$ cat data_1.pdb   # PDB, C-alpha atoms and all ligand atoms
ATOM      1  CA  MET A 985      -3.579 153.370  -1.830
ATOM      2  CA  ILE A 986      -1.360 155.126   0.721
ATOM      3  CA  ILE A 987      -4.447 155.781   2.854
ATOM      4  CA  ALA A 988      -5.296 152.059   2.841
ATOM      5  CA  VAL A 989      -1.748 151.193   3.902
ATOM      6  CA  LEU A 990      -1.915 153.805   6.668
ATOM      7  CA  ILE A 991      -5.223 152.389   7.929
ATOM      8  CA  VAL A 992      -3.748 148.899   8.205
ATOM      9  CA  LEU A 993      -0.493 150.199   9.713
ATOM     10  CA  GLY A 994      -2.390 152.409  12.147
ATOM     11  CA  LEU A 995      -4.623 149.589  13.366
ATOM     12  CA  CYS A 996      -1.648 147.235  13.788
ATOM     13  CA  PHE A 997       0.508 149.819  15.560
ATOM     14  CA  GLY A 998      -2.484 150.720  17.723
ATOM     15  CA  SER A 999      -2.777 147.087  18.711
ATOM     16  CA  PHE A1000       0.977 147.033  19.373
ATOM     17  CA  VAL A1001       0.950 150.078  21.660
ATOM     18  CA  ASN A1002      -1.954 148.626  23.650
ATOM     19  CA  ALA A1003       0.110 145.519  24.298
ATOM     20  CA  LEU A1004       3.294 147.525  24.853
ATOM     21  CA  ALA A1005       1.775 149.771  27.535
ATOM     22  CA  TRP A1006       0.237 146.841  29.401
ATOM     23  CA  ARG A1007       3.387 144.713  29.266
ATOM     24  CA  LEU A1008       5.660 147.545  30.361
ATOM     25  CA  HIS A1009       3.421 148.212  33.324
ATOM     26  CA  GLU A1010       3.082 144.548  34.293
ATOM     27  CA  LYS A1011       6.821 144.087  34.030
ATOM     28  CA  GLU A1012       7.392 147.092  36.262
ATOM     29  CA  GLU A1013       5.013 145.732  38.911
ATOM     30  CA  LEU A1014       6.403 142.201  38.752
ATOM     31  CA  THR A1015       9.975 143.465  38.983
ATOM     32  CA  ASP A1016       9.055 145.374  42.143
ATOM     33  CA  LYS A1017       7.463 142.212  43.524
ATOM     34  CA  LEU A1018      10.607 140.256  42.700
ATOM     35  CA  GLU A1019      12.758 142.775  44.568
ATOM     36  CA  THR A1020      10.573 142.468  47.679
ATOM     37  CA  LEU A1021      10.695 138.688  47.496
ATOM     38  CA  LYS A1022      14.466 138.671  47.142
ATOM     39  CA  ALA A1023      14.769 140.868  50.235
ATOM     40  CA  LYS A1024      12.731 138.371  52.274
ATOM     41  CA  LYS A1025      14.098 135.450  54.290
ATOM     42  CA  GLN A1026      14.734 132.761  51.683
ATOM     43  CA  THR A1027      12.441 129.841  52.500
ATOM     44  CA  LYS A1028      11.302 127.177  50.070
ATOM     45  CA  ALA A1029       7.977 128.919  49.527
ATOM     46  CA  VAL A1030       9.714 132.231  48.783
ATOM     47  CA  ALA A1031      12.075 130.539  46.326
ATOM     48  CA  ALA A1032       9.119 128.989  44.494
ATOM     49  CA  GLU A1033       7.386 132.367  44.368
ATOM     50  CA  ILE A1034      10.558 133.987  42.983
ATOM     51  CA  ASN A1035      10.628 131.355  40.265
ATOM     52  CA  ASN A1036       6.997 131.944  39.469
ATOM     53  CA  VAL A1037       7.379 135.728  39.242
ATOM     54  CA  SER A1038      10.497 135.391  37.072
ATOM     55  CA  THR A1039       8.563 133.269  34.564
ATOM     56  CA  GLN A1040       5.754 135.826  34.543
ATOM     57  CA  ILE A1041       8.266 138.586  33.801
ATOM     58  CA  LYS A1042       9.579 136.590  30.842
ATOM     59  CA  ASP A1043       5.999 136.132  29.589
ATOM     60  CA  ARG A1044       5.586 139.916  29.550
ATOM     61  CA  SER A1045       8.641 140.478  27.357
ATOM     62  CA  ILE A1046       7.835 142.851  24.473
ATOM     63  CA  SER A1047       9.728 140.758  21.944
ATOM     64  CA  THR A1048       9.260 137.142  23.031
ATOM     65  CA  GLY A1049       6.202 137.147  25.296
ATOM     66  CA  ARG A1050       2.922 135.831  23.894
ATOM     67  CA  SER A1051      -0.210 137.932  23.862
ATOM     68  CA  MET A1052      -2.574 137.036  26.657
ATOM     69  CA  CYS A1053      -5.845 138.092  28.246
ATOM     70  CA  THR A1054      -5.097 140.650  30.948
ATOM     71  CA  ASP A1055      -7.644 138.987  33.264
ATOM     72  CA  CYS A1056      -7.280 135.227  32.890
ATOM     73  CA  ASN A1057      -3.778 135.211  31.313
ATOM     74  CA  HIS A1058      -5.024 132.786  28.658
ATOM     75  CA  SER A1059      -2.787 132.895  25.549
ATOM     76  CA  LEU A1060      -4.501 134.563  22.618
ATOM     77  CA  ALA A1061      -4.772 133.007  19.175
ATOM     78  CA  TRP A1062      -4.132 134.960  15.975
ATOM     79  CA  TYR A1063      -7.877 135.470  15.481
ATOM     80  CA  ASP A1064      -8.053 137.185  18.880
ATOM     81  CA  LEU A1065      -5.469 139.704  17.741
ATOM     82  CA  VAL A1066      -7.033 141.224  14.626
ATOM     83  CA  PRO A1067      -7.402 144.928  15.481
ATOM     84  CA  VAL A1068     -10.975 146.145  16.139
ATOM     85  CA  ILE A1069     -12.578 143.153  14.364
ATOM     86  CA  SER A1070     -11.622 140.683  17.114
ATOM     87  CA  TRP A1071     -12.983 142.980  19.780
ATOM     88  CA  VAL A1072     -16.279 143.481  17.934
ATOM     89  CA  SER A1073     -16.662 139.798  17.038
ATOM     90  CA  VAL A1074     -16.460 138.683  20.675
ATOM     91  CA  GLY A1075     -18.709 141.530  21.822
ATOM     92  CA  GLY A1076     -15.956 143.172  23.863
ATOM     93  CA  LYS A1077     -15.537 140.114  26.081
ATOM     94  CA  CYS A1078     -12.697 137.637  26.511
ATOM     95  CA  ARG A1079     -13.384 134.420  24.592
ATOM     96  CA  TYR A1080     -11.935 132.386  27.451
ATOM     97  CA  CYS A1081     -13.028 134.021  30.710
ATOM     98  CA  SER A1082     -15.874 136.273  29.462
ATOM     99  CA  ASN A1083     -14.515 139.241  31.373
ATOM    100  CA  PRO A1084     -15.078 142.511  29.538
ATOM    101  CA  ILE A1085     -12.156 143.796  27.462
ATOM    102  CA  SER A1086     -11.794 147.557  27.806
ATOM    103  CA  TRP A1087     -13.071 149.727  24.924
ATOM    104  CA  GLN A1088      -9.684 151.361  25.268
ATOM    105  CA  TYR A1089      -8.260 148.684  22.942
ATOM    106  CA  PRO A1090     -10.320 149.292  19.787
ATOM    107  CA  LEU A1091     -10.385 153.041  20.513
ATOM    108  CA  VAL A1092      -6.586 153.243  20.576
ATOM    109  CA  GLU A1093      -6.366 151.192  17.370
ATOM    110  CA  ILE A1094      -8.805 153.413  15.507
ATOM    111  CA  LEU A1095      -7.303 156.611  16.894
ATOM    112  CA  THR A1096      -3.791 155.573  15.836
ATOM    113  CA  ALA A1097      -5.017 154.928  12.282
ATOM    114  CA  VAL A1098      -6.850 158.274  12.206
ATOM    115  CA  LEU A1099      -3.770 160.158  13.423
ATOM    116  CA  LEU A1100      -1.507 158.535  10.826
ATOM    117  CA  ILE A1101      -3.937 159.445   8.036
ATOM    118  CA  MET A1102      -4.324 163.010   9.335
ATOM    119  CA  SER A1103      -0.554 163.360   9.487
ATOM    120  CA  TYR A1104      -0.254 162.275   5.867
ATOM    121  CA  LEU A1105      -3.109 164.465   4.615
ATOM    122  CA  TYR A1106      -2.036 167.601   6.477
ATOM    123  CA  TRP A1107       1.724 167.117   6.271
ATOM    124  CA  PRO A1108       3.074 170.660   5.902
ATOM    125  CA  GLN A1109       6.176 169.769   3.847
ATOM    126  CA  ALA A1110       6.394 168.763   0.186
ATOM    127  CA  LEU A1111       6.374 164.957  -0.115
ATOM    128  CA  HIS A1112       9.841 164.318  -1.493
ATOM    129  CA  GLY A1113      13.351 164.132  -0.006
ATOM    130  CA  GLN A1114      13.420 165.695   3.433
ATOM    131  CA  GLY A1115       9.616 165.959   3.542
ATOM    132  CA  VAL A1116       9.216 162.190   3.208
ATOM    133  CA  PHE A1117      11.984 161.496   5.737
ATOM    134  CA  ASP A1118      10.454 163.900   8.253
ATOM    135  CA  LEU A1119       6.987 162.415   7.707
ATOM    136  CA  ILE A1120       8.202 158.855   8.327
ATOM    137  CA  VAL A1121       9.950 159.902  11.539
ATOM    138  CA  TRP A1122       6.802 161.767  12.556
ATOM    139  CA  LEU A1123       4.609 158.670  12.041
ATOM    140  CA  VAL A1124       6.887 156.764  14.437
ATOM    141  CA  VAL A1125       6.627 159.688  16.864
ATOM    142  CA  VAL A1126       2.806 159.527  16.700
ATOM    143  CA  VAL A1127       2.873 155.825  17.602
ATOM    144  CA  ALA A1128       5.155 156.640  20.554
ATOM    145  CA  PHE A1129       2.736 159.433  21.567
ATOM    146  CA  MET A1130      -0.095 156.909  21.661
ATOM    147  CA  ALA A1131       1.868 154.511  23.861
ATOM    148  CA  LEU A1132       2.909 157.329  26.215
ATOM    149  CA  SER A1133      -0.634 158.710  26.409
ATOM    150  CA  ILE A1134      -2.162 155.346  27.326
ATOM    151  CA  TYR A1135       0.459 154.895  29.997
ATOM    152  CA  ASP A1136       0.037 158.401  31.378
ATOM    153  CA  PHE A1137      -3.768 158.185  31.443
ATOM    154  CA  ARG A1138      -3.771 154.867  33.258
ATOM    155  CA  TRP A1139      -0.760 155.072  35.518
ATOM    156  CA  MET A1140       0.123 158.788  35.598
ATOM    157  CA  ILE A1141       3.688 158.366  34.475
ATOM    158  CA  LEU A1142       5.670 158.699  31.245
ATOM    159  CA  PRO A1143       7.971 155.660  31.188
ATOM    160  CA  ASN A1144      11.636 156.331  30.377
ATOM    161  CA  VAL A1145      11.859 153.278  28.116
ATOM    162  CA  ILE A1146       9.691 155.169  25.629
ATOM    163  CA  VAL A1147      10.689 158.764  26.451
ATOM    164  CA  TYR A1148      14.465 158.322  25.979
ATOM    165  CA  PRO A1149      14.262 156.659  22.546
ATOM    166  CA  LEU A1150      11.819 159.402  21.550
ATOM    167  CA  ILE A1151      14.324 162.111  22.517
ATOM    168  CA  GLY A1152      17.042 160.199  20.624
ATOM    169  CA  LEU A1153      14.866 159.899  17.533
ATOM    170  CA  THR A1154      13.947 163.600  17.457
ATOM    171  CA  LEU A1155      17.592 164.638  17.938
ATOM    172  CA  PHE A1156      18.618 162.265  15.162
ATOM    173  CA  GLN A1157      15.957 163.741  12.889
ATOM    174  CA  ARG A1158      17.134 167.321  13.435
ATOM    175  CA  LEU A1159      20.767 166.366  12.823
ATOM    176  CA  ALA A1160      19.884 164.356   9.719
ATOM    177  CA  ASP A1161      17.825 167.272   8.388
ATOM    178  CA  THR A1162      20.879 169.510   8.642
ATOM    179  CA  LEU A1163      23.621 167.075   7.622
ATOM    180  CA  LEU A1164      21.859 164.977   4.969
ATOM    181  CA  PHE A1165      19.226 167.317   3.598
ATOM    182  CA  LYS A1166      21.188 170.552   4.003
ATOM    183  CA  ASP A1167      18.499 172.114   6.137
ATOM    184  CA  SER A1168      19.880 175.432   7.443
ATOM    185  CA  ALA A1169      21.972 175.400  10.616
ATOM    186  CA  LYS A1170      19.768 178.259  11.779
ATOM    187  CA  HIS A1171      16.795 175.888  11.820
ATOM    188  CA  LEU A1172      18.764 173.354  13.846
ATOM    189  CA  LEU A1173      19.707 176.066  16.330
ATOM    190  CA  ALA A1174      16.081 177.242  16.526
ATOM    191  CA  SER A1175      14.877 173.732  17.366
ATOM    192  CA  LEU A1176      17.556 173.314  20.023
ATOM    193  CA  VAL A1177      16.473 176.583  21.628
ATOM    194  CA  ALA A1178      12.860 175.357  21.400
ATOM    195  CA  ALA A1179      13.905 172.126  23.144
ATOM    196  CA  LEU A1180      15.555 174.112  25.932
ATOM    197  CA  ILE A1181      12.409 176.221  26.319
ATOM    198  CA  GLY A1182      10.150 173.129  26.328
ATOM    199  CA  GLY A1183      12.253 171.188  28.805
ATOM    200  CA  GLY A1184      13.566 174.233  30.695
ATOM    201  CA  ILE A1185      10.271 175.810  31.705
ATOM    202  CA  PHE A1186       9.062 172.438  32.953
ATOM    203  CA  TYR A1187      12.284 171.880  34.803
ATOM    204  CA  VAL A1188      11.784 175.158  36.662
ATOM    205  CA  LEU A1189       8.132 174.285  37.422
ATOM    206  CA  TYR A1190       9.171 170.827  38.510
ATOM    207  CA  GLN A1191      11.792 172.200  40.888
ATOM    208  CA  LEU A1192       9.492 174.929  42.230
ATOM    209  CA  SER A1193       6.657 172.511  42.979
ATOM    210  CA  GLY A1194       8.763 169.595  44.168
ATOM    211  CA  GLY A1195       7.223 167.478  41.397
ATOM    212  CA  ASN A1196       3.615 168.270  42.399
ATOM    213  CA  TRP A1197       2.429 170.315  39.416
ATOM    214  CA  ILE A1198       4.192 168.330  36.759
ATOM    215  CA  GLY A1199       6.281 165.175  36.769
ATOM    216  CA  GLY A1200       9.872 164.528  35.758
ATOM    217  CA  GLY A1201       8.546 162.769  32.643
ATOM    218  CA  ASP A1202       6.981 166.036  31.472
ATOM    219  CA  VAL A1203      10.390 167.752  31.673
ATOM    220  CA  LYS A1204      11.994 165.132  29.432
ATOM    221  CA  ILE A1205       9.115 164.989  26.994
ATOM    222  CA  GLY A1206       9.096 168.813  26.879
ATOM    223  CA  PHE A1207      12.610 168.621  25.483
ATOM    224  CA  ALA A1208      11.604 166.202  22.690
ATOM    225  CA  LEU A1209       8.472 168.194  21.852
ATOM    226  CA  GLY A1210      10.503 171.405  21.607
ATOM    227  CA  LEU A1211      12.720 169.710  19.022
ATOM    228  CA  LEU A1212       9.653 168.551  17.120
ATOM    229  CA  VAL A1213       7.912 171.929  16.942
ATOM    230  CA  GLY A1214      11.268 173.367  15.924
ATOM    231  CA  ALA A1215      11.176 177.060  16.903
ATOM    232  CA  PRO A1216      11.105 179.126  20.122
ATOM    233  CA  LEU A1217       7.731 180.804  19.452
ATOM    234  CA  GLN A1218       6.215 177.399  18.665
ATOM    235  CA  ALA A1219       7.635 176.015  21.914
ATOM    236  CA  LEU A1220       5.900 178.775  23.887
ATOM    237  CA  LEU A1221       2.665 178.183  21.973
ATOM    238  CA  LEU A1222       3.037 174.476  22.770
ATOM    239  CA  LEU A1223       3.010 175.174  26.489
ATOM    240  CA  MET A1224       0.068 177.568  26.140
ATOM    241  CA  LEU A1225      -2.011 175.187  24.007
ATOM    242  CA  ALA A1226      -1.232 172.240  26.287
ATOM    243  CA  SER A1227      -2.450 174.201  29.313
ATOM    244  CA  ILE A1228      -5.714 175.064  27.538
ATOM    245  CA  ILE A1229      -6.204 171.416  26.560
ATOM    246  CA  GLY A1230      -5.377 170.430  30.150
ATOM    247  CA  LEU A1231      -8.219 172.643  31.368
ATOM    248  CA  PHE A1232     -10.645 170.848  29.061
ATOM    249  CA  PHE A1233      -9.606 167.560  30.634
ATOM    250  CA  ALA A1234      -9.609 168.959  34.147
ATOM    251  CA  LEU A1235     -13.134 170.388  34.062
ATOM    252  CA  PRO A1236     -15.074 167.136  33.586
ATOM    253  CA  ALA A1237     -12.638 165.395  35.915
ATOM    254  CA  ALA A1238     -13.280 168.079  38.528
ATOM    255  CA  PHE A1239     -17.022 167.413  38.453
ATOM    256  CA  LYS A1240     -16.603 163.669  38.489
ATOM    257  CA  HIS A1241     -14.317 163.723  41.483
ATOM    258  CA  VAL A1242     -15.986 166.636  43.146
ATOM    259  CA  PHE A1243     -15.590 165.165  46.618
ATOM    260  CA  LYS A1244     -12.090 163.889  46.172
ATOM    261  CA  ARG A1245      -9.071 166.023  46.835
ATOM    262  CA  ASN A1246      -5.829 165.788  44.976
ATOM    263  CA  LEU A1247      -7.192 166.067  41.490
ATOM    264  CA  GLN A1248      -4.698 164.862  38.934
ATOM    265  CA  VAL A1249      -4.902 165.257  35.196
ATOM    266  CA  PRO A1250      -2.067 163.685  33.216
ATOM    267  CA  PHE A1251      -0.301 166.545  31.462
ATOM    268  CA  GLY A1252       1.660 164.347  29.034
ATOM    269  CA  PRO A1253      -1.247 163.701  26.627
ATOM    270  CA  CYS A1254      -2.147 167.425  26.624
ATOM    271  CA  LEU A1255       1.411 168.257  25.592
ATOM    272  CA  MET A1256       1.376 165.642  22.856
ATOM    273  CA  ILE A1257      -1.983 166.814  21.458
ATOM    274  CA  ALA A1258      -0.618 170.383  21.415
ATOM    275  CA  CYS A1259       2.514 169.165  19.618
ATOM    276  CA  LEU A1260       0.416 167.324  17.050
ATOM    277  CA  LEU A1261      -1.649 170.446  16.347
ATOM    278  CA  LEU A1262       1.470 172.612  16.033
ATOM    279  CA  VAL A1263       3.360 170.233  13.764
ATOM    280  CA  LEU A1264       0.417 169.751  11.401
ATOM    281  CA  PHE A1265      -1.270 173.168  11.584
ATOM    282  CA  GLY A1266       1.564 175.250  13.014
ATOM    283  CA  THR A1267       1.594 178.094  10.471
ATOM    284  CA  ASN A1268      -2.140 178.693  10.905
ATOM    285  CA  ILE A1269      -1.867 178.632  14.683
ATOM    286  CA  VAL A1270       1.108 181.003  14.679
ATOM    287  CA  HIS A1271      -0.724 183.449  12.377
ATOM    288  CA  TRP A1272      -3.830 183.296  14.524
ATOM    289  CA  TYR A1273      -1.773 183.916  17.644
ATOM    290  CA  LEU A1274       0.200 186.795  16.160
ATOM    291  CA  ASN A1275      -3.039 188.412  14.943
ATOM    292  CA  LEU A1276      -4.452 188.049  18.435
ATOM    293  CA  VAL A1277      -1.425 189.596  20.088
ATOM    294  CA  LEU A1278      -0.763 192.323  17.538
ATOM    295  CA  SER A1279      -4.327 193.500  16.953
TER     296      SER A1279
HETATM  297 ZN    ZN B1301      -9.698 136.168  29.714
END

$ encode --input "data_1.pdb" --output "structure tokens"
Amino acid sequence: MIIAVLIVLGLCFGSFVNALAWRLHEKEELTDKLETLKAKKQTKAVAAEINNVSTQIKDRSISTGRSMCTDCNHSLAWYDLVPVISWVSVGGKCRYCSNPISWQYPLVEILTAVLLIMSYLYWPQALHGQGVFDLIVWLVVVVAFMALSIYDFRWMILPNVIVYPLIGLTLFQRLADTLLFKDSAKHLLASLVAALIGGGIFYVLYQLSGGNWIGGGDVKIGFALGLLVGAPLQALLLLMLASIIGLFFALPAAFKHVFKRNLQVPFGPCLMIACLLLVLFGTNIVHWYLNLVLS
């Protein structure tokens, strides 16, 4: 029963993060356009364009905007918005303009559902009291991870509108664990140190490289991920695992863009995958690592 609920929730949240990432990006671009227009000499044509762009920004609102095709801007009906099924039923093409709809959409929906189910099945805590609270917070975190990963893959940035609430949520969780569920203060302290390691190492790298190796978004997300993994050793393992995962991404990318310089692999998703592995399978990974180091 819970699995069925998680499948439905996962597909719906997947659909939501697809829309969220696209709207955030569009809004960003349109806002920039609006700024440029406002700086121009105000003729009638410019005023009309400002009006037009302002309406478009409103249409991209997360809460009030209507869903639309990203190519032809045609409003979508409810039957265009059923996760996966809509995409399959129209053969991956827009019903209105016939332009292909990226496979990213159903993939993200399915992946979100899979991650929610995995989180439930492999949740390391007992499922009552604090365990349930932590799991629910974690499911929200996973949805945020999906939104951030889409954004980072497509536009190479981790938007603050998602990163800051995520930091707030993880801080809130740690405090609630200690204050409401009487989790030990030692654990709280350990996760704060982990957060400082996660964010701190990136901050140093960021400063050293002038933002070339990693972005400012990685510094902030490093802080939240440190809180989530909850202990200093885990925070170090997080950075190590993320780098290994980054290499896996970088290798195929390196061959694909063999003649292009300035190879960029978004590091955000690597960090989030590493965090997911550590939160769900942390004890195993720590044991494996300690065996490796100590033997
Ligand atoms: Zn269309």

$ residues_around --input "data_1.pdb" --residues "Ile1146 in chain A" --least-positions-apart "2" --cutoff "12 Å" --atoms "all atoms listed in the file" --output "MDAnalysis selection string"
chainID A and resid 1001 1004:1005 1008 1124:1125 1127:1136 1141:1144 1148:1153 1201 1204:1205 1208

$ atom_distance --input "data_1.pdb" --atom1 "CA of Asn1268 in chain A" --atom2 "CA of Ala1169 in chain A"
24.3 Å

$ resolve_selection --input "data_1.pdb" --expression "the PyMOL selection byres (((not hetatm)) within 7 of (chain B and resi 1301))" --output "list in words"
Cys1053, Thr1054, Asp1055, Cys1056, Asn1057, His1058, Cys1078, Arg1079, Tyr1080, Cys1081, Ser1082 and Asn1083 of chain A

$ resolve_selection --input "data_1.pdb" --expression "the PyMOL selection byres (((chain A and resi 1063-1069) around 12) and not hetatm)" --output "PyMOL selection string"
chain A and resi 991-1003+1050-1053+1058-1062+1070-1080+1085-1097

$ write_last_selection --input "data_1.pdb" --atoms "C-alpha atoms" --output "compact mmCIF listing (two decimals), in the coordinates of the input"
# COMPACT_ATOMS: atom_id res chain seq x y z
CA ILE A 991 -5.22 152.39 7.93
CA VAL A 992 -3.75 148.90 8.20
CA LEU A 993 -0.49 150.20 9.71
CA GLY A 994 -2.39 152.41 12.15
CA LEU A 995 -4.62 149.59 13.37
CA CYS A 996 -1.65 147.24 13.79
CA PHE A 997 0.51 149.82 15.56
CA GLY A 998 -2.48 150.72 17.72
CA SER A 999 -2.78 147.09 18.71
CA PHE A 1000 0.98 147.03 19.37
CA VAL A 1001 0.95 150.08 21.66
CA ASN A 1002 -1.95 148.63 23.65
CA ALA A 1003 0.11 145.52 24.30
CA ARG A 1050 2.92 135.83 23.89
CA SER A 1051 -0.21 137.93 23.86
CA MET A 1052 -2.57 137.04 26.66
CA CYS A 1053 -5.84 138.09 28.25
CA HIS A 1058 -5.02 132.79 28.66
CA SER A 1059 -2.79 132.90 25.55
CA LEU A 1060 -4.50 134.56 22.62
CA ALA A 1061 -4.77 133.01 19.18
CA TRP A 1062 -4.13 134.96 15.98
CA SER A 1070 -11.62 140.68 17.11
CA TRP A 1071 -12.98 142.98 19.78
CA VAL A 1072 -16.28 143.48 17.93
CA SER A 1073 -16.66 139.80 17.04
CA VAL A 1074 -16.46 138.68 20.68
CA GLY A 1075 -18.71 141.53 21.82
CA GLY A 1076 -15.96 143.17 23.86
CA LYS A 1077 -15.54 140.11 26.08
CA CYS A 1078 -12.70 137.64 26.51
CA ARG A 1079 -13.38 134.42 24.59
CA TYR A 1080 -11.94 132.39 27.45
CA ILE A 1085 -12.16 143.80 27.46
CA SER A 1086 -11.79 147.56 27.81
CA TRP A 1087 -13.07 149.73 24.92
CA GLN A 1088 -9.68 151.36 25.27
CA TYR A 1089 -8.26 148.68 22.94
CA PRO A 1090 -10.32 149.29 19.79
CA LEU A 1091 -10.38 153.04 20.51
CA VAL A 1092 -6.59 153.24 20.58
CA GLU A 1093 -6.37 151.19 17.37
CA ILE A 1094 -8.80 153.41 15.51
CA LEU A 1095 -7.30 156.61 16.89
CA THR A 1096 -3.79 155.57 15.84
CA ALA A 1097 -5.02 154.93 12.28

$ atom_distance --input "data_1.pdb" --atom1 "CA of Phe1233 in chain A" --atom2 "CA of Val1249 in chain A"
6.9 Å

$ resolve_selection --input "data_1.pdb" --expression "the PyMOL selection byres (((chain A and resi 1038-1040) around 12) and not hetatm)" --output "PyMOL selection string"
chain A and resi 1007+1010-1019+1021-1022+1031-1037+1041-1045+1049-1050+1052+1057

$ residues_around --input "data_1.pdb" --residues "Leu990 in chain A" --least-positions-apart "6" --cutoff "9 Å" --atoms "only C-alpha atoms" --output "JSON, numbers by chain"
{"A": [1097, 1098, 1100, 1101, 1104]}

$ write_last_selection --input "data_1.pdb" --atoms "C-alpha atoms" --output "short mmCIF file (atom, residue, chain, number, x, y, z; two decimals), in the coordinates of the input"
data_model
loop_
_atom_site.label_atom_id
_atom_site.label_comp_id
_atom_site.auth_asym_id
_atom_site.auth_seq_id
_atom_site.Cartn_x
_atom_site.Cartn_y
_atom_site.Cartn_z
CA ALA A 1097 -5.02 154.93 12.28
CA VAL A 1098 -6.85 158.27 12.21
CA LEU A 1100 -1.51 158.54 10.83
CA ILE A 1101 -3.94 159.44 8.04
CA TYR A 1104 -0.25 162.28 5.87
#

$ closest_residue --input "data_1.pdb" --among "A:Met985, A:Ala1174, A:Val1126, A:Ala1258" --to "Leu1099 in chain A" --atoms "only C-alpha atoms"
A:Val1126

$ axis_aligned_box --input "data_1.pdb" --around "range 1016-1023 of chain A" --padding-each-side "4 Å" --output "AutoDock Vina command-line options"
--center_x 11.1 --center_y 142.0 --center_z 46.2 --size_x 15.3 --size_y 14.7 --size_z 16.1

$ atom_distance --input "data_1.pdb" --atom1 "CA of Ala1110 in chain A" --atom2 "CA of Leu1264 in chain A"
12.7 Å

$ residues_around --input "data_1.pdb" --residues "range 1187-1189 of chain A" --least-positions-apart "4" --cutoff "12 Å" --atoms "all atoms listed in the file" --output "list of chain:residue names"
A:Ala1179, A:Leu1180, A:Ile1181, A:Gly1182, A:Gly1183, A:Ser1193, A:Gly1194, A:Gly1195, A:Asn1196, A:Trp1197, A:Ile1198, A:Gly1199, A:Gly1200, A:Gly1201, A:Asp1202, A:Val1203, A:Lys1204, A:Ile1205, A:Gly1206, A:Phe1207

$ residues_around --input "data_1.pdb" --residues "Ile1228 in chain A" --least-positions-apart "3" --cutoff "12 Å" --atoms "only C-alpha atoms" --output "PDB file with C-alpha atoms, in the coordinates of the input"
ATOM      1  CA  LEU A1221       2.665 178.183  21.973  1.00  0.00           C
ATOM      2  CA  LEU A1222       3.037 174.476  22.770  1.00  0.00           C
ATOM      3  CA  LEU A1223       3.010 175.174  26.489  1.00  0.00           C
ATOM      4  CA  MET A1224       0.068 177.568  26.140  1.00  0.00           C
ATOM      5  CA  LEU A1225      -2.011 175.187  24.007  1.00  0.00           C
ATOM      6  CA  LEU A1231      -8.219 172.643  31.368  1.00  0.00           C
ATOM      7  CA  PHE A1232     -10.645 170.848  29.061  1.00  0.00           C
ATOM      8  CA  PHE A1233      -9.606 167.560  30.634  1.00  0.00           C
ATOM      9  CA  ALA A1234      -9.609 168.959  34.147  1.00  0.00           C
ATOM     10  CA  LEU A1235     -13.134 170.388  34.062  1.00  0.00           C
ATOM     11  CA  PHE A1251      -0.301 166.545  31.462  1.00  0.00           C
ATOM     12  CA  CYS A1254      -2.147 167.425  26.624  1.00  0.00           C
ATOM     13  CA  LEU A1255       1.411 168.257  25.592  1.00  0.00           C
ATOM     14  CA  ILE A1257      -1.983 166.814  21.458  1.00  0.00           C
ATOM     15  CA  ALA A1258      -0.618 170.383  21.415  1.00  0.00           C
TER      16      ALA A1258
END

$ closest_residue --input "data_1.pdb" --among "A:Leu1220, A:Leu1164, A:Leu1262, A:Val1147" --to "Pro1108 in chain A" --atoms "only C-alpha atoms"
A:Leu1262

$ closest_residue --input "data_1.pdb" --among "A:Ser1168, A:Ile1269, A:Pro1250, A:Ser1103" --to "Val1116 in chain A" --atoms "all atoms listed in the file"
A:Ser1103

$ closest_residue --input "data_1.pdb" --among "A:Leu1176, A:Ala1226, A:Ala1215, A:Leu1278" --to "Leu1261 in chain A" --atoms "only C-alpha atoms"
A:Ala1226

$ build_atoms --input "data_1.pdb" --residues "range 1142-1150 of chain A" --atoms "N, CA and C atoms" --output "mmCIF file, keeping the file's coordinate frame"
data_model
loop_
_atom_site.group_PDB
_atom_site.id
_atom_site.type_symbol
_atom_site.label_atom_id
_atom_site.label_comp_id
_atom_site.auth_asym_id
_atom_site.auth_seq_id
_atom_site.Cartn_x
_atom_site.Cartn_y
_atom_site.Cartn_z
ATOM 1 N N LEU A 1142 5.152 158.875 32.607
ATOM 2 C CA LEU A 1142 5.670 158.699 31.245
ATOM 3 C C LEU A 1142 6.924 157.836 31.354
ATOM 4 N N PRO A 1143 6.838 156.566 30.946
ATOM 5 C CA PRO A 1143 7.971 155.660 31.188
ATOM 6 C C PRO A 1143 9.209 156.014 30.360
ATOM 7 N N ASN A 1144 10.365 155.987 31.031
ATOM 8 C CA ASN A 1144 11.636 156.331 30.377
ATOM 9 C C ASN A 1144 11.958 155.447 29.182
ATOM 10 N N VAL A 1145 11.540 154.175 29.240
ATOM 11 C CA VAL A 1145 11.859 153.278 28.116
ATOM 12 C C VAL A 1145 11.274 153.764 26.810
ATOM 13 N N ILE A 1146 10.221 154.592 26.869
ATOM 14 C CA ILE A 1146 9.691 155.169 25.629
ATOM 15 C C ILE A 1146 10.215 156.598 25.442
ATOM 16 N N VAL A 1147 10.307 157.344 26.554
ATOM 17 C CA VAL A 1147 10.689 158.764 26.451
ATOM 18 C C VAL A 1147 12.116 158.930 25.909
ATOM 19 N N TYR A 1148 13.073 158.150 26.421
ATOM 20 C CA TYR A 1148 14.465 158.322 25.979
ATOM 21 C C TYR A 1148 14.656 158.015 24.491
ATOM 22 N N PRO A 1149 14.134 156.876 23.994
ATOM 23 C CA PRO A 1149 14.262 156.659 22.546
ATOM 24 C C PRO A 1149 13.607 157.771 21.732
ATOM 25 N N LEU A 1150 12.498 158.328 22.265
ATOM 26 C CA LEU A 1150 11.819 159.402 21.550
ATOM 27 C C LEU A 1150 12.713 160.644 21.452
#
